[in-house]
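Data block below; observations after.
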Amino acid sequence: MSGHNKWSKIKHKKAATDSQKSRVFSKHSSLIAMESRKAGGDVNSPSLFVAIERAKKDSMPKENIERAVAKGRGNDGSELQEVLFETYGPGGVAMLITAITDNNNRTSQEIKHALSHLGYQLGGPGSASWAFTKKDRVYTPNSPLALSEEDGEQLAHLVETLEELDDIHDIFTTADEVN
């Protein structure tokens, strides 16, 4: 009977890793499709090239990458766009949430629901972005904020909840480190 238990553990572990890979590949696919649309499908475009290299670094299959480039090149009616959402989290930490979506209304409702479920709310444009400096696609905090251990745990839970949403691409915070 020990073989059955061992297989069961392997099966559950594989399911968890496959789920994580699927989530990562989905995010890469959205970004590649958006950059492909911007570049007109030219894989030599710097931004599309970087997106493809990041996907390859995470072991995304070549077929998936080619499919994402073709989706961005095609006129299938679903235009992907990058959207920025702003909020404040535990301990007053400013947060920027970037999403790549084909339906801004759906994505904003999903984010609002996730935030309100945990007792937070979406901020208006400019409410948190002032606390960051944008360098290419990365937002760095102007004044990092030290958090207590409890606030750090709440922030980790909030970020984890938001990252489970399909359209979320990146989450940036002004949190420094847990004291």
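Identifiers in this document derive from the order of the structure tokens: chains are assigned A, B, ..., residues are numbered from 1 separately in each chain, and ligands are numbered from 1 in order of occurrence.
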
Given only C-alpha atoms, how would the per-residue table for segment 58-157 of chain A near segment 20-35 of chain A read, listing every residue at most 7 Å away with its closest atom pair and distance in Å to one decimal, sorted by chain and number, as a Markdown table?
| residue | atom | partner | partner_atom | distance |
| --- | --- | --- | --- | --- |
| A:Met60 | CA | A:Phe25 | CA | 6.2 |
| A:Ile65 | CA | A:Ser29 | CA | 6.7 |
| A:Ala68 | CA | A:Ala33 | CA | 4.9 |
| A:Val69 | CA | A:Ala33 | CA | 5.3 |
| A:Lys71 | CA | A:Ala33 | CA | 5.8 |
| A:Gly72 | CA | A:Ala33 | CA | 4.1 |
| A:Leu80 | CA | A:Met34 | CA | 5.5 |
| A:Gln81 | CA | A:Met34 | CA | 6.6 |
| A:Ile100 | CA | A:Ser30 | CA | 6.4 |

Residues of chain A in alpha helix (DSSP H) according to DSSP, as an MDAnalysis selection string? chainID A and resid 2:39 46:57 62:73 104:117 149:163

Selection to disk with C-alpha atoms, as a short mmCIF file (atom, residue, chain, number, x, y, z; two decimals), in the first residue's frame:
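See selection.cif below for the written result:
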data_model
loop_
_atom_site.label_atom_id
_atom_site.label_comp_id
_atom_site.auth_asym_id
_atom_site.auth_seq_id
_atom_site.Cartn_x
_atom_site.Cartn_y
_atom_site.Cartn_z
CA SER A 2 2.93 2.36 0.43
CA GLY A 3 3.23 2.77 -3.34
CA HIS A 4 -0.31 4.13 -3.49
CA ASN A 5 0.45 6.81 -0.90
CA LYS A 6 3.68 7.75 -2.68
CA TRP A 7 1.88 8.09 -6.03
CA SER A 8 -0.84 10.16 -4.37
CA LYS A 9 1.74 12.59 -2.99
CA ILE A 10 3.49 12.84 -6.36
CA LYS A 11 0.18 13.41 -8.14
CA HIS A 12 -0.84 16.27 -5.81
CA LYS A 13 2.60 17.86 -6.00
CA LYS A 14 2.54 17.67 -9.82
CA ALA A 15 -0.95 19.20 -9.91
CA ALA A 16 0.24 22.12 -7.79
CA THR A 17 3.32 22.73 -9.97
CA ASP A 18 1.29 22.42 -13.17
CA SER A 19 -1.20 24.96 -11.84
CA GLN A 20 1.61 27.38 -10.99
CA LYS A 21 3.23 26.89 -14.44
CA SER A 22 -0.12 27.45 -16.12
CA ARG A 23 -0.58 30.73 -14.27
CA VAL A 24 2.94 31.91 -15.21
CA PHE A 25 2.52 30.85 -18.85
CA SER A 26 -0.82 32.65 -19.04
CA LYS A 27 0.76 35.89 -17.85
CA HIS A 28 3.63 35.53 -20.33
CA SER A 29 1.17 34.75 -23.13
CA SER A 30 -0.85 37.91 -22.44
CA LEU A 31 2.25 40.08 -22.36
CA ILE A 32 3.64 38.55 -25.56
CA ALA A 33 0.31 39.00 -27.37
CA MET A 34 0.09 42.65 -26.26
CA GLU A 35 3.69 43.40 -27.31
CA SER A 36 3.14 41.54 -30.60
CA ARG A 37 0.12 43.71 -31.36
CA LYS A 38 2.14 46.86 -30.62
CA ALA A 39 5.04 45.66 -32.79
CA PRO A 46 12.95 45.06 -28.57
CA SER A 47 9.91 44.91 -26.29
CA LEU A 48 8.53 41.75 -27.92
CA PHE A 49 12.00 40.16 -27.92
CA VAL A 50 12.37 40.82 -24.17
CA ALA A 51 8.89 39.40 -23.45
CA ILE A 52 9.74 36.25 -25.42
CA GLU A 53 13.10 35.85 -23.66
CA ARG A 54 11.41 36.13 -20.24
CA ALA A 55 8.94 33.43 -21.28
CA LYS A 56 11.77 31.19 -22.48
CA LYS A 57 13.57 31.73 -19.17
CA LYS A 62 7.92 27.31 -28.15
CA GLU A 63 4.43 26.48 -29.49
CA ASN A 64 2.79 28.59 -26.78
CA ILE A 65 5.08 31.53 -27.57
CA GLU A 66 4.35 31.28 -31.29
CA ARG A 67 0.61 31.08 -30.60
CA ALA A 68 0.78 34.22 -28.41
CA VAL A 69 2.73 36.14 -31.11
CA ALA A 70 0.16 35.06 -33.73
CA LYS A 71 -2.71 36.11 -31.46
CA GLY A 72 -1.21 39.58 -31.13
CA ARG A 73 -0.67 39.80 -34.87
CA ASN A 104 -11.11 46.29 -18.43
CA ASN A 105 -14.54 46.23 -16.75
CA ARG A 106 -14.27 42.54 -15.84
CA THR A 107 -10.74 42.93 -14.51
CA SER A 108 -11.52 46.01 -12.41
CA GLN A 109 -14.53 44.24 -10.88
CA GLU A 110 -12.43 41.19 -10.03
CA ILE A 111 -9.81 43.38 -8.35
CA LYS A 112 -12.45 45.42 -6.49
CA HIS A 113 -14.07 42.22 -5.24
CA ALA A 114 -10.76 40.74 -4.05
CA LEU A 115 -9.82 43.99 -2.29
CA SER A 116 -13.21 44.50 -0.63
CA HIS A 117 -13.25 40.88 0.55
CA GLU A 149 5.39 41.64 11.17
CA GLU A 150 1.58 41.57 11.32
CA ASP A 151 1.21 44.13 8.52
CA GLY A 152 3.79 42.22 6.48
CA GLU A 153 1.77 39.00 6.81
CA GLN A 154 -1.44 40.81 5.82
CA LEU A 155 0.33 42.34 2.81
CA ALA A 156 1.67 38.93 1.76
CA HIS A 157 -1.87 37.50 1.96
CA LEU A 158 -3.28 40.42 -0.05
CA VAL A 159 -0.62 40.08 -2.76
CA GLU A 160 -1.16 36.31 -2.92
CA THR A 161 -4.92 36.80 -3.30
CA LEU A 162 -4.46 39.34 -6.10
CA GLU A 163 -1.89 37.20 -7.93
#

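Here atom CA of Asn142 of chain A is placed at a distance of 17.7 Å from atom CA of Pro125 of chain A.
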
Find the distance between atom CA of Ala99 of chain A and atom CA of Leu84 of chain A and write it in Å to one decimal. 6.5 Å

Distance in Å - atom CA of Pro141 of chain A versus atom CA of Thr173 of chain A: 7.1 Å
